[in-house]
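Content type mmCIF, C-alpha atoms and all ligand atoms, from the file final-v3.cif:
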data_my_file
#
loop_
_atom_site.label_atom_id
_atom_site.label_comp_id
_atom_site.auth_asym_id
_atom_site.auth_seq_id
_atom_site.Cartn_x
_atom_site.Cartn_y
_atom_site.Cartn_z
CA MET O 18 0.00 0.00 0.00
CA SER O 19 1.23 3.47 -0.82
CA VAL O 20 2.26 5.87 1.89
CA LEU O 21 0.52 8.59 -0.09
CA ALA O 22 -3.05 9.76 0.43
CA LYS O 23 -5.84 8.65 -1.90
CA ARG O 24 -6.47 12.26 -2.93
CA VAL O 25 -3.02 12.61 -4.44
CA LEU O 26 -2.85 9.10 -5.87
CA GLU O 27 -6.09 9.76 -7.73
CA MET O 28 -4.99 13.15 -9.02
CA ALA O 29 -3.75 13.41 -12.62
CA PRO O 30 -0.59 15.49 -13.00
CA SER O 31 -1.06 18.80 -14.84
CA ALA O 32 -0.72 17.89 -18.53
CA THR O 33 0.31 21.42 -19.51
CA LEU O 34 3.14 21.49 -17.00
CA ALA O 35 4.12 17.85 -17.68
CA MET O 36 4.57 18.52 -21.40
CA SER O 37 6.52 21.65 -20.67
CA LYS O 38 8.79 19.68 -18.33
CA ARG O 39 9.39 16.97 -20.96
CA SER O 40 10.30 19.55 -23.56
CA ARG O 41 12.68 21.31 -21.13
CA GLU O 42 14.37 17.99 -20.37
CA MET O 43 14.84 17.27 -24.07
CA GLN O 44 16.24 20.78 -24.58
CA GLU O 45 18.71 20.13 -21.73
CA GLN O 46 19.90 17.05 -23.63
CA GLY O 47 20.68 19.31 -26.56
CA ILE O 48 17.59 18.44 -28.63
CA ASP O 49 16.13 21.40 -30.51
CA VAL O 50 12.54 21.20 -29.23
CA ILE O 51 10.06 23.98 -30.00
CA ASN O 52 7.86 24.36 -26.97
CA LEU O 53 4.25 25.26 -27.79
CA SER O 54 2.91 23.50 -24.70
CA VAL O 55 2.68 25.83 -21.74
CA GLY O 56 0.54 28.93 -22.11
CA GLU O 57 2.30 32.07 -20.97
CA PRO O 58 3.09 35.35 -22.72
CA ASP O 59 6.65 35.39 -24.06
CA PHE O 60 6.80 39.15 -23.37
CA ASP O 61 8.63 40.63 -20.42
CA THR O 62 6.77 42.38 -17.62
CA PRO O 63 6.56 46.11 -18.52
CA MET O 64 9.26 48.29 -16.91
CA VAL O 65 6.90 50.44 -14.80
CA ILE O 66 5.55 47.30 -13.11
CA LYS O 67 9.02 45.87 -12.52
CA GLN O 68 10.07 49.23 -11.03
CA ALA O 69 7.16 49.08 -8.58
CA GLY O 70 8.44 45.68 -7.43
CA ILE O 71 11.96 47.06 -7.00
CA ASP O 72 10.56 50.05 -5.08
CA ALA O 73 8.62 47.67 -2.83
CA ILE O 74 11.85 45.94 -1.83
CA ASN O 75 13.66 49.26 -1.30
CA ASN O 76 10.75 50.58 0.77
CA ASN O 77 10.79 47.46 2.93
CA PHE O 78 7.52 45.93 1.92
CA THR O 79 9.10 42.71 3.06
CA HIS O 80 6.87 41.78 6.01
CA TYR O 81 3.65 39.75 6.17
CA PRO O 82 0.91 41.53 4.26
CA PRO O 83 -2.73 41.21 5.43
CA VAL O 84 -4.06 37.75 4.47
CA PRO O 85 -6.51 38.91 1.74
CA GLY O 86 -3.94 41.34 0.28
CA TYR O 87 -2.77 44.92 0.89
CA LEU O 88 -5.64 47.39 1.01
CA ASP O 89 -4.16 49.47 -1.83
CA LEU O 90 -4.08 46.39 -4.06
CA ARG O 91 -7.65 45.42 -3.19
CA LYS O 92 -8.69 49.02 -3.91
CA ALA O 93 -6.81 48.92 -7.23
CA ILE O 94 -8.71 45.72 -8.11
CA CYS O 95 -12.01 47.47 -7.32
CA THR O 96 -10.90 50.41 -9.51
CA LYS O 97 -10.06 47.98 -12.32
CA LEU O 98 -13.45 46.25 -12.03
CA THR O 99 -15.26 49.60 -12.28
CA ARG O 100 -13.03 50.97 -15.06
CA ASP O 101 -12.92 47.86 -17.28
CA ASN O 102 -16.07 45.95 -16.38
CA LYS O 103 -18.48 48.57 -14.98
CA LEU O 104 -18.83 46.46 -11.85
CA THR O 105 -18.91 47.73 -8.27
CA TYR O 106 -17.08 45.83 -5.57
CA SER O 107 -15.70 46.82 -2.16
CA PRO O 108 -12.25 45.76 -0.87
CA ASP O 109 -13.82 43.27 1.57
CA GLN O 110 -15.09 41.34 -1.45
CA ILE O 111 -11.58 40.85 -2.81
CA VAL O 112 -9.06 38.15 -1.86
CA VAL O 113 -5.61 38.18 -3.43
CA SER O 114 -3.92 34.80 -3.75
CA ASN O 115 -0.75 33.16 -4.97
CA GLY O 116 -1.83 32.99 -8.63
CA GLY O 117 -5.12 32.14 -10.31
CA LYS O 118 -4.92 28.45 -9.45
CA HIS O 119 -4.67 29.26 -5.75
CA ALA O 120 -7.67 31.59 -6.00
CA ILE O 121 -9.69 28.81 -7.67
CA ILE O 122 -8.83 26.09 -5.16
CA ASN O 123 -9.72 28.47 -2.31
CA VAL O 124 -13.19 28.94 -3.81
CA LEU O 125 -13.68 25.20 -4.33
CA LEU O 126 -12.51 24.43 -0.80
CA ALA O 127 -14.82 27.09 0.57
CA MET O 128 -17.93 26.04 -1.35
CA VAL O 129 -17.94 22.41 -2.46
CA ASN O 130 -19.10 19.63 -0.12
CA PRO O 131 -18.41 15.96 -0.90
CA GLY O 132 -20.75 14.83 -3.68
CA ASP O 133 -21.63 18.34 -4.89
CA GLU O 134 -21.64 18.62 -8.65
CA VAL O 135 -19.57 21.22 -10.46
CA VAL O 136 -20.54 21.83 -14.08
CA ILE O 137 -17.59 22.50 -16.40
CA PRO O 138 -18.12 23.47 -20.05
CA CYS O 139 -15.63 21.47 -22.06
CA PRO O 140 -12.98 21.56 -23.59
CA ALA O 141 -11.74 23.03 -20.35
CA TRP O 142 -8.45 23.83 -18.72
CA VAL O 143 -6.79 20.71 -17.29
CA SER O 144 -6.84 21.76 -13.64
CA TYR O 145 -10.57 22.43 -13.13
CA PRO O 146 -11.77 18.80 -12.97
CA GLU O 147 -8.76 17.69 -10.96
CA MET O 148 -9.29 20.46 -8.40
CA VAL O 149 -12.99 19.60 -8.15
CA LYS O 150 -12.17 15.94 -7.48
CA PHE O 151 -9.54 17.02 -4.94
CA VAL O 152 -12.25 18.71 -2.84
CA GLU O 153 -14.45 15.60 -3.27
CA GLY O 154 -16.83 17.26 -5.69
CA VAL O 155 -18.06 15.63 -8.89
CA PRO O 156 -17.04 17.31 -12.16
CA VAL O 157 -19.86 17.28 -14.72
CA LEU O 158 -18.36 17.95 -18.15
CA VAL O 159 -20.57 19.58 -20.78
CA GLN O 160 -19.12 18.97 -24.23
CA ALA O 161 -19.00 21.58 -26.98
CA GLY O 162 -17.51 20.73 -30.37
CA ILE O 163 -15.59 22.59 -33.05
CA GLU O 164 -18.83 23.06 -35.04
CA ASP O 165 -20.01 25.38 -32.20
CA ASP O 166 -16.61 27.03 -31.89
CA PHE O 167 -16.33 25.01 -28.68
CA LYS O 168 -19.00 27.11 -26.96
CA VAL O 169 -21.63 25.50 -24.78
CA THR O 170 -25.28 26.23 -25.66
CA PRO O 171 -27.94 27.26 -23.12
CA GLU O 172 -29.73 23.94 -23.76
CA LYS O 173 -26.63 21.92 -22.92
CA LEU O 174 -26.00 23.99 -19.78
CA GLU O 175 -29.62 23.57 -18.65
CA ALA O 176 -29.45 19.80 -19.18
CA ALA O 177 -26.32 19.51 -17.01
CA ILE O 178 -27.78 21.29 -13.97
CA THR O 179 -29.30 19.01 -11.30
CA PRO O 180 -30.41 19.57 -7.69
CA LYS O 181 -26.84 18.59 -6.72
CA THR O 182 -25.19 21.35 -8.78
CA LYS O 183 -23.25 23.75 -6.59
CA LEU O 184 -21.12 25.62 -9.08
CA VAL O 185 -20.55 26.22 -12.77
CA VAL O 186 -16.94 26.96 -13.73
CA PHE O 187 -16.97 29.27 -16.71
CA ASN O 188 -13.99 30.52 -18.72
CA SER O 189 -14.05 33.08 -21.55
CA PRO O 190 -11.72 33.73 -23.37
CA SER O 191 -11.14 30.01 -23.06
CA ASN O 192 -8.09 27.98 -22.35
CA PRO O 193 -7.65 25.68 -24.38
CA THR O 194 -9.87 26.78 -27.28
CA GLY O 195 -9.40 30.56 -27.44
CA SER O 196 -13.19 30.93 -27.81
CA VAL O 197 -14.77 34.16 -26.60
CA TYR O 198 -18.47 34.29 -25.74
CA SER O 199 -20.38 37.31 -27.05
CA TYR O 200 -22.77 39.41 -24.96
CA ASN O 201 -25.78 37.61 -26.44
CA GLU O 202 -24.30 34.17 -25.87
CA LEU O 203 -23.56 35.05 -22.25
CA LYS O 204 -27.00 36.56 -21.75
CA ALA O 205 -28.58 33.29 -22.91
CA LEU O 206 -26.46 31.37 -20.38
CA ALA O 207 -27.26 33.90 -17.66
CA ASP O 208 -30.99 33.38 -18.38
CA VAL O 209 -30.55 29.66 -17.69
CA LEU O 210 -28.57 30.33 -14.50
CA ALA O 211 -31.18 32.84 -13.31
CA LYS O 212 -33.64 29.93 -13.09
CA HIS O 213 -31.38 28.08 -10.63
CA PRO O 214 -30.95 30.34 -7.60
CA ASP O 215 -28.81 27.82 -5.68
CA VAL O 216 -26.17 27.52 -8.38
CA TYR O 217 -23.06 29.72 -8.13
CA ILE O 218 -20.74 30.62 -10.98
CA LEU O 219 -16.97 30.78 -10.85
CA SER O 220 -15.99 32.96 -13.81
CA ASP O 221 -12.34 32.59 -14.78
CA GLU O 222 -11.52 35.85 -16.61
CA ILE O 223 -7.74 35.54 -16.71
CA TYR O 224 -7.54 36.08 -20.52
CA GLU O 225 -9.83 39.15 -20.39
CA PHE O 226 -7.43 41.50 -22.19
CA ILE O 227 -6.43 39.11 -24.95
CA THR O 228 -9.28 39.31 -27.44
CA PHE O 229 -9.08 40.04 -31.16
CA GLU O 230 -12.40 40.44 -32.96
CA SER O 231 -14.90 40.32 -30.12
CA LYS O 232 -14.92 42.32 -26.91
CA PHE O 233 -14.60 40.59 -23.54
CA GLU O 234 -17.84 40.33 -21.58
CA SER O 235 -18.24 39.20 -17.97
CA LEU O 236 -21.05 36.99 -16.66
CA ALA O 237 -21.06 39.20 -13.57
CA GLN O 238 -22.71 42.03 -15.53
CA PHE O 239 -26.12 40.32 -15.43
CA GLU O 240 -28.00 41.69 -12.42
CA GLU O 241 -30.15 38.58 -12.01
CA ILE O 242 -27.09 36.41 -11.25
CA LYS O 243 -24.42 38.92 -10.13
CA ASP O 244 -24.80 37.97 -6.44
CA ARG O 245 -23.87 34.41 -7.33
CA VAL O 246 -20.86 35.12 -9.54
CA ILE O 247 -17.33 34.81 -8.23
CA ILE O 248 -14.91 36.51 -10.61
CA MET O 249 -11.42 35.04 -10.76
CA ASN O 250 -8.74 37.06 -12.48
CA GLY O 251 -5.08 37.98 -12.08
CA VAL O 252 -2.16 39.81 -13.59
CA SER O 253 -0.39 36.84 -15.24
CA LYS O 254 -1.73 37.00 -18.77
CA GLY O 255 -2.74 40.63 -19.40
CA TYR O 256 0.43 42.12 -17.90
CA ALA O 257 2.90 39.31 -18.73
CA MET O 258 3.42 38.55 -15.04
CA THR O 259 3.08 34.76 -14.79
CA GLY O 260 6.07 34.38 -12.46
CA TRP O 261 4.87 37.01 -10.00
CA ARG O 262 2.00 34.69 -9.00
CA ILE O 263 -0.85 37.09 -8.28
CA GLY O 264 -4.47 36.03 -8.77
CA TYR O 265 -7.61 37.28 -7.07
CA ILE O 266 -11.32 36.79 -6.62
CA ALA O 267 -14.13 39.33 -6.44
CA ALA O 268 -16.97 37.58 -4.66
CA PRO O 269 -19.96 37.88 -2.38
CA LYS O 270 -18.67 38.92 1.07
CA ASP O 271 -19.28 35.60 2.83
CA ILE O 272 -17.40 33.68 0.15
CA ALA O 273 -14.52 36.18 0.17
CA ALA O 274 -14.34 35.91 3.99
CA ALA O 275 -14.32 32.10 3.78
CA CYS O 276 -11.49 32.15 1.23
CA GLY O 277 -9.57 34.54 3.50
CA LYS O 278 -10.09 32.16 6.43
CA ILE O 279 -8.75 29.20 4.41
CA GLN O 280 -5.81 31.24 3.16
CA GLY O 281 -5.09 32.42 6.72
CA GLN O 282 -4.60 28.83 7.83
CA MET O 283 -2.81 27.52 4.78
CA THR O 284 -0.60 29.98 2.95
CA SER O 285 -1.20 33.45 4.39
CA ALA O 286 -0.91 36.35 1.94
CA ALA O 287 0.70 36.34 -1.49
CA SER O 288 4.19 37.89 -1.89
CA SER O 289 4.38 41.48 -0.64
CA ILE O 290 6.63 42.52 -3.53
CA ALA O 291 4.45 40.96 -6.22
CA GLN O 292 1.41 42.62 -4.65
CA LYS O 293 2.99 46.08 -4.88
CA ALA O 294 3.98 45.45 -8.51
CA SER O 295 0.39 44.37 -9.21
CA VAL O 296 -0.93 47.72 -7.93
CA ALA O 297 1.12 49.45 -10.64
CA ALA O 298 -0.18 46.96 -13.21
CA LEU O 299 -3.85 47.25 -12.35
CA LEU O 300 -3.85 51.04 -12.16
CA GLN O 301 -2.88 51.15 -15.85
CA ASP O 302 -5.87 51.66 -18.11
CA PRO O 303 -5.69 48.80 -20.63
CA GLN O 304 -7.33 51.05 -23.24
CA LYS O 305 -4.28 53.32 -23.06
CA SER O 306 -1.56 50.71 -22.56
CA GLU O 307 0.90 50.56 -25.46
CA ASP O 308 2.44 47.40 -23.97
CA LEU O 309 -0.91 45.62 -24.03
CA LYS O 310 -1.80 46.88 -27.51
CA HIS O 311 1.53 45.62 -28.83
CA MET O 312 1.13 42.24 -27.15
CA VAL O 313 -2.41 41.68 -28.44
CA GLU O 314 -1.49 42.81 -31.98
CA THR O 315 1.48 40.44 -31.99
CA PHE O 316 -0.70 37.55 -30.81
CA ARG O 317 -3.24 38.33 -33.52
CA LYS O 318 -0.60 38.23 -36.27
CA ARG O 319 0.80 34.96 -34.97
CA ARG O 320 -2.67 33.44 -34.72
CA ASP O 321 -3.49 34.33 -38.33
CA MET O 322 -0.20 33.02 -39.59
CA MET O 323 -0.50 29.78 -37.63
CA ILE O 324 -4.09 29.14 -38.73
CA GLU O 325 -3.08 29.57 -42.36
CA LYS O 326 -0.20 27.13 -41.98
CA LEU O 327 -2.18 24.55 -40.00
CA ARG O 328 -5.02 24.61 -42.53
CA GLU O 329 -2.54 23.46 -45.19
CA ILE O 330 -2.04 20.20 -43.27
CA PRO O 331 -4.36 17.39 -44.43
CA GLY O 332 -6.32 15.79 -41.58
CA LEU O 333 -6.48 18.88 -39.36
CA LYS O 334 -9.63 20.94 -38.88
CA VAL O 335 -8.94 24.42 -37.49
CA ASN O 336 -11.48 27.03 -36.38
CA VAL O 337 -10.67 30.68 -35.68
CA PRO O 338 -10.21 31.36 -31.95
CA THR O 339 -10.94 34.98 -31.10
CA GLY O 340 -9.02 35.31 -27.84
CA ALA O 341 -6.28 34.01 -25.53
CA PHE O 342 -3.23 32.56 -27.32
CA TYR O 343 -4.33 29.05 -28.12
CA ILE O 344 -5.45 27.14 -31.21
CA PHE O 345 -7.27 23.85 -30.71
CA PRO O 346 -7.17 21.86 -33.96
CA ASN O 347 -9.31 18.78 -34.46
CA ILE O 348 -7.45 15.62 -35.61
CA GLU O 349 -10.34 13.30 -36.43
CA GLY O 350 -8.91 13.04 -39.95
CA LEU O 351 -5.73 11.48 -38.55
CA ILE O 352 -7.24 9.02 -36.08
CA GLY O 353 -6.28 5.43 -36.98
CA LYS O 354 -3.21 6.46 -38.97
CA LYS O 355 0.06 4.73 -38.18
CA PHE O 356 3.70 5.58 -37.80
CA GLY O 357 5.75 2.39 -37.58
CA ASP O 358 3.98 0.20 -35.04
CA LYS O 359 2.29 3.17 -33.33
CA THR O 360 -1.30 4.18 -34.07
CA ILE O 361 -2.68 7.67 -33.53
CA SER O 362 -5.86 7.04 -31.55
CA CYS O 363 -6.18 10.31 -29.65
CA GLY O 364 -4.75 13.80 -29.17
CA ASP O 365 -2.22 12.59 -26.61
CA ASP O 366 -0.87 10.02 -29.10
CA PHE O 367 -0.56 12.80 -31.65
CA ALA O 368 1.25 15.10 -29.18
CA ASN O 369 3.69 12.29 -28.26
CA PHE O 370 4.22 11.49 -31.94
CA LEU O 371 5.06 15.14 -32.67
CA LEU O 372 7.37 15.47 -29.69
CA ASP O 373 9.33 12.35 -30.66
CA ASN O 374 9.37 12.84 -34.42
CA ALA O 375 9.06 16.58 -35.03
CA HIS O 376 10.49 17.89 -31.76
CA VAL O 377 7.45 20.10 -31.31
CA ALA O 378 5.88 20.06 -27.83
CA LEU O 379 2.15 20.71 -27.56
CA VAL O 380 -0.60 19.31 -25.38
CA GLY O 381 -2.99 16.53 -26.42
CA GLY O 382 -6.69 17.32 -26.03
CA ASP O 383 -7.38 14.36 -23.71
CA SER O 384 -6.72 16.25 -20.48
CA PHE O 385 -8.81 19.17 -21.73
CA GLY O 386 -11.73 16.74 -22.12
CA ASP O 387 -11.50 16.45 -25.93
CA PRO O 388 -9.34 13.53 -27.09
CA LYS O 389 -9.92 14.35 -30.76
CA SER O 390 -7.90 17.58 -30.54
CA PHE O 391 -4.65 19.10 -29.38
CA ARG O 392 -3.67 22.54 -28.10
CA ILE O 393 -1.06 24.86 -29.52
CA SER O 394 0.07 27.83 -27.49
CA TYR O 395 1.28 30.42 -30.01
CA ALA O 396 2.85 32.65 -27.36
CA THR O 397 6.25 32.30 -28.98
CA SER O 398 8.23 33.98 -31.77
CA GLU O 399 7.06 33.97 -35.41
CA ASP O 400 10.22 32.18 -36.51
CA LYS O 401 9.61 29.34 -34.08
CA LEU O 402 5.97 29.14 -35.07
CA MET O 403 6.82 28.96 -38.79
CA GLU O 404 9.39 26.27 -38.12
CA SER O 405 7.01 24.29 -35.91
CA ALA O 406 4.27 24.40 -38.59
CA ARG O 407 6.80 23.14 -41.14
CA ARG O 408 7.85 20.31 -38.82
CA ILE O 409 4.26 19.32 -38.03
CA LYS O 410 3.39 19.22 -41.73
CA GLU O 411 6.42 17.08 -42.51
CA ALA O 412 5.68 14.67 -39.66
CA VAL O 413 1.99 14.32 -40.56
CA ALA O 414 2.98 13.46 -44.13
CA LYS O 415 4.79 10.39 -42.74
CA LEU O 416 1.62 8.98 -41.18
CA LYS O 417 0.14 6.08 -43.15
N1 LIG F 1 -2.54 28.37 -17.91
C1 LIG F 1 -1.36 27.91 -18.52
C2 LIG F 1 -1.61 26.75 -19.44
O1 LIG F 1 -2.68 26.22 -19.52
C3 LIG F 1 -0.31 27.67 -17.51
C4 LIG F 1 0.00 26.25 -17.13
C5 LIG F 1 -0.90 25.71 -16.09
O2 LIG F 1 -0.87 26.22 -14.99
O3 LIG F 1 -1.67 24.80 -16.44
O4 LIG F 1 -0.70 26.38 -20.13
#
Exercise: express the given structure as structure tokens:
Amino acid sequence: MSVLAKRVLEMAPSATLAMSKRSREMQEQGIDVINLSVGEPDFDTPMVIKQAGIDAINNNFTHYPPVPGYLDLRKAICTKLTRDNKLTYSPDQIVVSNGGKHAIINVLLAMVNPGDEVVIPCPAWVSYPEMVKFVEGVPVLVQAGIEDDFKVTPEKLEAAITPKTKLVVFNSPSNPTGSVYSYNELKALADVLAKHPDVYILSDEIYEFITFESKFESLAQFEEIKDRVIIMNGVSKGYAMTGWRIGYIAAPKDIAAACGKIQGQMTSAASSIAQKASVAALLQDPQKSEDLKHMVETFRKRRDMMIEKLREIPGLKVNVPTGAFYIFPNIEGLIGKKFGDKTISCGDDFANFLLDNAHVALVGGDSFGDPKSFRISYATSEDKLMESARRIKEAVAKLK
């Protein structure tokens, strides 16, 4: 019998981080692997934000901060929510955590009892179902296909809700599909949720600023459900600050207090220095930020280029994602094909095949709840993207 607890033995490792680790190990052996697995901006944190971190050290913000975060940061988050989302929150509704993942697990720990169902529109980010299982909840996956741009319909959402549903985890712009729900699409989902007053919504808005054609919309804007929406966001993606590890929630007061209580016993506050840098980040108006404009424009160019290249590869079906920095091609046309004695029967097989034979690291769709697909993160240079598309095409041509 293992010395380890059931909860960890039953947990799948993070597929995004596992693939990234494998590609790093191959690179360390001198193999020229192009890593399109992990999703993080390849831009550096803007100078003004870095300077605020340096100032925080020089000004001795090196002691324990209050558990839910410094008041100036929580106020800056409220300012951001009013400025960007027209939403009113008070600082006691905000809890700052050690990255978005930490903010999410706090909410699940605070709200989910054993056996509670958590509805997750799918394809979904790898960690949601695993975190739900970790808190002894039951993930209920609602599938959306490429024909719907991977967006869940109100009918599908309605059908997934039962008397045991506690939460719906919603994510737009989506990781892994890059799909962005429009106002009307969200309104239709909000109408369904309005009929279920006991169901709460955890809205992961971490890719808010990375949209191309359509504008970001929050589920929290709908009055009839606003009191049941917990917004999760952070500085990682919009401000190229993944390593600073700052995420937060904006939530009803009792839920925010519960998350603060959990955090107080488990991790205490997030880094004082990263918090001070995040104040500088969040006080920037994204409408006026040249850094953000440049980043989004660059992502858009790379997306267009990559879609064009991927569509030249027989067997791949590629839709146009309108946000985040992911493409989620469908590989149904390649299922059953062989390379030597290996058969491609799912996205993970395809990802392993590409890593071994094309030295391109990406993530199979299986852990995102769609084994007929794979995810490309195009947050890397154009040269690397062009070369990876060339390698993928060449490798696919070898499949029989
Ligand atoms: N959100 C990123 C991704 O999906 C970071 C890795 C992770 O935490 O899963 O690649």
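Minimum distance to O:Thr182 across O:Phe385, O:Tyr217, O:Trp261, O:Tyr200 (counting all atoms listed in the file) occurs at O:Tyr217.
Closest approach to O:Ile223 among O:Gly340, O:Gly86, O:Gly381, O:Gly260: O:Gly340, based on only C-alpha atoms.
Between O:Glu225 and the candidates O:Asp101, O:Asp302, O:Glu404, O:Asp358, the tightest atom-to-atom separation, counting all atoms listed in the file, involves O:Asp101.
Interatomic distance, atom CA of O:Ser289 against atom CA of O:Asn75: 12.1 Å.
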Please find the residues contacting ligand LIG 1 (chain F) at a distance of at most 8 Å between atoms, with only C-alpha atoms and all ligand atoms counted, and report them as a CSV table (one decimal) with C-alpha atoms, in the coordinates of the input.
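Output (part21.csv):
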chain,number,residue,atom,x,y,z
O,31,SER,CA,-1.1,18.8,-14.8
O,32,ALA,CA,-0.7,17.9,-18.5
O,33,THR,CA,0.3,21.4,-19.5
O,34,LEU,CA,3.1,21.5,-17.0
O,54,SER,CA,2.9,23.5,-24.7
O,55,VAL,CA,2.7,25.8,-21.7
O,56,GLY,CA,0.5,28.9,-22.1
O,57,GLU,CA,2.3,32.1,-21.0
O,118,LYS,CA,-4.9,28.4,-9.4
O,142,TRP,CA,-8.4,23.8,-18.7
O,143,VAL,CA,-6.8,20.7,-17.3
O,144,SER,CA,-6.8,21.8,-13.6
O,192,ASN,CA,-8.1,28.0,-22.4
O,193,PRO,CA,-7.6,25.7,-24.4
O,394,SER,CA,0.1,27.8,-27.5
Given only C-alpha atoms as the basis, pick out the residue of O:Gly332, O:Gly364, O:Gly70, O:Gly195 nearest to O:Ala141. O:Gly195
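Rounded to one decimal, atom CA of O:Asp383 and atom CA of O:Ser231 lie 27.8 Å from each other.
When only C-alpha atoms are used to measure the gap to O:Ile218, the shortest distance among O:Arg328, O:Lys204, O:Arg407, O:Lys243 belongs to O:Lys243.
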Min atom-atom distance to O:Ile121 from the set O:Ile348, O:Val337, O:Val65, O:Ile266, counting only C-alpha atoms, belongs to O:Ile266
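Atom CA of O:Gly154 to atom CA of O:Lys183 spans 9.2 Å [interatomic distance, one decimal].
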Could you give me, as a ChimeraX atom specification, the residues within 8 Å of O:Leu219, counting only C-alpha atoms and dropping anything in the same chain fewer than 2 positions from it? /O:184-187,217,221,246-249
